[in-house]
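Asks: Pasting in a structure now, in structure tokens, and then I'll have a few things to ask.
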Amino acid sequence: MDKINIEDARVVLSPLDVHSERRPISYELGTTDFVMNFFRLEPGESIAGLFHKHDDQEEVFYVEKGIATFTVGEDKKTVKVKEGELIRFPPGEFQRGDNKDDEPLTVWAIGAPGAGHDPDEVSVLYPCNRCQEETIHEIDRSTIGETRVICNECSNDEIL
């Protein structure tokens, strides 16, 4: 049995600087079969920052406080998830969660299987400067301190 107080969990931020508080609870508890992250987002902040999909993991988000706005699917449908509601994304579905409201947002993100996802199984839908349209890109975090995306269509390589 492991127990923690959420306020004692360390804060680990995205290298994309899209949120001010993310606490990787699964690391704190040592889970092996699912991943859990806690977010407090100020207005204008994002859970991940990129419109992305996980091919190896489904995700569920629970809105504890506030209203989350999710952009969903390649058609970019907008779905608002209010306090006390949950939303599920199957593996392979594009999504992005943001706080577009004027109030702070508290969200729990839970993914399975695994205590994390394989970075090679994450893709982003991103505008390619060379293709001149939004295309699927792979994420490359091999360079310390940088996040790069590589276009699947033309191999254009960009630093985010």
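Each chain of the structure tokens is named A, B, ... in the order shown, its residues numbered from 1; ligands are numbered from 1 in display order.
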Quick one: residues within 12 Å of segment 137-142 of chain A, only C-alpha atoms, excluding same-chain residues fewer than 6 positions away - as a VMD selection string?
Replies: chain A and resid 14 to 16 50 to 55 118 to 129 131 148 to 160
Asks: Just list as a tab-separated table (two decimals) with C-alpha atoms, in the first residue's frame whatever in segment 19-160 of chain A DSSP marks as strand (DSSP E or B).
Replies:
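The resulting file, out.tsv, is reproduced below:
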chain	number	residue	atom	x	y	z
A	22	ARG	CA	1.21	18.94	-13.46
A	23	ARG	CA	1.79	16.27	-10.83
A	24	PRO	CA	2.65	12.75	-12.10
A	35	VAL	CA	-0.67	6.34	-15.54
A	36	MET	CA	-2.30	9.15	-13.56
A	37	ASN	CA	-1.56	12.87	-13.71
A	38	PHE	CA	-3.07	15.75	-11.76
A	39	PHE	CA	-3.37	19.19	-13.38
A	40	ARG	CA	-4.30	22.63	-12.13
A	41	LEU	CA	-4.65	24.88	-15.14
A	46	SER	CA	-3.35	23.34	-21.74
A	52	HIS	CA	-2.17	14.49	-30.29
A	53	LYS	CA	-3.07	10.82	-30.09
A	54	HIS	CA	-1.70	7.82	-28.21
A	58	GLU	CA	-6.62	4.97	-23.86
A	59	GLU	CA	-7.14	8.01	-21.66
A	60	VAL	CA	-9.87	9.18	-19.32
A	61	PHE	CA	-10.05	12.73	-17.98
A	62	TYR	CA	-12.06	13.68	-14.89
A	63	VAL	CA	-12.85	17.36	-14.35
A	64	GLU	CA	-12.77	17.96	-10.61
A	65	LYS	CA	-13.24	21.74	-10.80
A	67	ILE	CA	-14.76	23.46	-17.33
A	68	ALA	CA	-12.32	21.77	-19.72
A	69	THR	CA	-12.59	22.27	-23.47
A	70	PHE	CA	-11.42	19.29	-25.50
A	71	THR	CA	-10.74	19.36	-29.22
A	72	VAL	CA	-11.51	15.87	-30.54
A	77	LYS	CA	-15.00	18.84	-32.78
A	78	THR	CA	-15.16	20.86	-29.54
A	79	VAL	CA	-16.50	19.18	-26.38
A	80	LYS	CA	-16.91	20.94	-23.04
A	81	VAL	CA	-16.47	18.75	-19.96
A	82	LYS	CA	-17.84	20.27	-16.77
A	86	LEU	CA	-15.49	12.51	-17.48
A	87	ILE	CA	-14.39	12.02	-21.08
A	88	ARG	CA	-12.68	8.96	-22.62
A	89	PHE	CA	-10.41	8.75	-25.64
A	95	GLN	CA	-7.40	15.11	-28.70
A	96	ARG	CA	-6.27	18.20	-26.84
A	97	GLY	CA	-7.55	19.57	-23.52
A	98	ASP	CA	-7.50	23.27	-22.64
A	105	LEU	CA	-9.41	24.16	-13.89
A	106	THR	CA	-8.53	20.99	-11.96
A	107	VAL	CA	-8.27	17.79	-14.04
A	108	TRP	CA	-7.18	14.20	-13.45
A	109	ALA	CA	-5.79	12.28	-16.44
A	110	ILE	CA	-5.70	8.48	-16.30
A	111	GLY	CA	-4.24	6.29	-19.03
A	112	ALA	CA	-3.85	2.54	-19.51
A	122	VAL	CA	2.41	9.44	-29.78
A	123	SER	CA	1.61	11.45	-32.91
A	124	VAL	CA	0.56	15.08	-33.33
A	125	LEU	CA	-1.53	16.80	-35.98
A	126	TYR	CA	0.58	19.87	-36.68
A	127	PRO	CA	0.98	22.46	-39.48
A	128	CYS	CA	3.94	21.53	-41.69
A	133	GLU	CA	-1.02	21.95	-44.43
A	134	GLU	CA	-1.69	20.11	-41.20
A	135	THR	CA	-0.12	16.66	-41.30
A	136	ILE	CA	0.63	13.90	-38.83
A	137	HIS	CA	4.00	14.40	-37.16
A	138	GLU	CA	6.02	12.13	-34.88
A	139	ILE	CA	7.57	13.59	-31.73
A	140	ASP	CA	11.33	13.41	-31.20
A	148	ARG	CA	11.01	18.29	-32.25
A	149	VAL	CA	8.24	17.18	-34.58
A	150	ILE	CA	8.90	15.37	-37.86
A	151	CYS	CA	6.34	15.40	-40.66
A	157	ASP	CA	11.92	18.56	-38.91
A	158	GLU	CA	10.88	21.45	-36.65
A	159	ILE	CA	11.72	22.50	-33.09
Asks: Near Thr32 of chain A, within 8 Å and counting only C-alpha atoms, which residues show up once chain neighbours fewer than 3 positions away are dropped, as an mmCIF file with C-alpha atoms, in the first residue's frame?
Replies:
data_model
loop_
_atom_site.group_PDB
_atom_site.id
_atom_site.type_symbol
_atom_site.label_atom_id
_atom_site.label_comp_id
_atom_site.auth_asym_id
_atom_site.auth_seq_id
_atom_site.Cartn_x
_atom_site.Cartn_y
_atom_site.Cartn_z
ATOM 1 C CA SER A 26 1.607 7.388 -10.996
ATOM 2 C CA VAL A 35 -0.671 6.341 -15.538
ATOM 3 C CA GLY A 114 1.131 0.928 -18.591
ATOM 4 C CA ALA A 115 2.483 3.503 -16.178
#
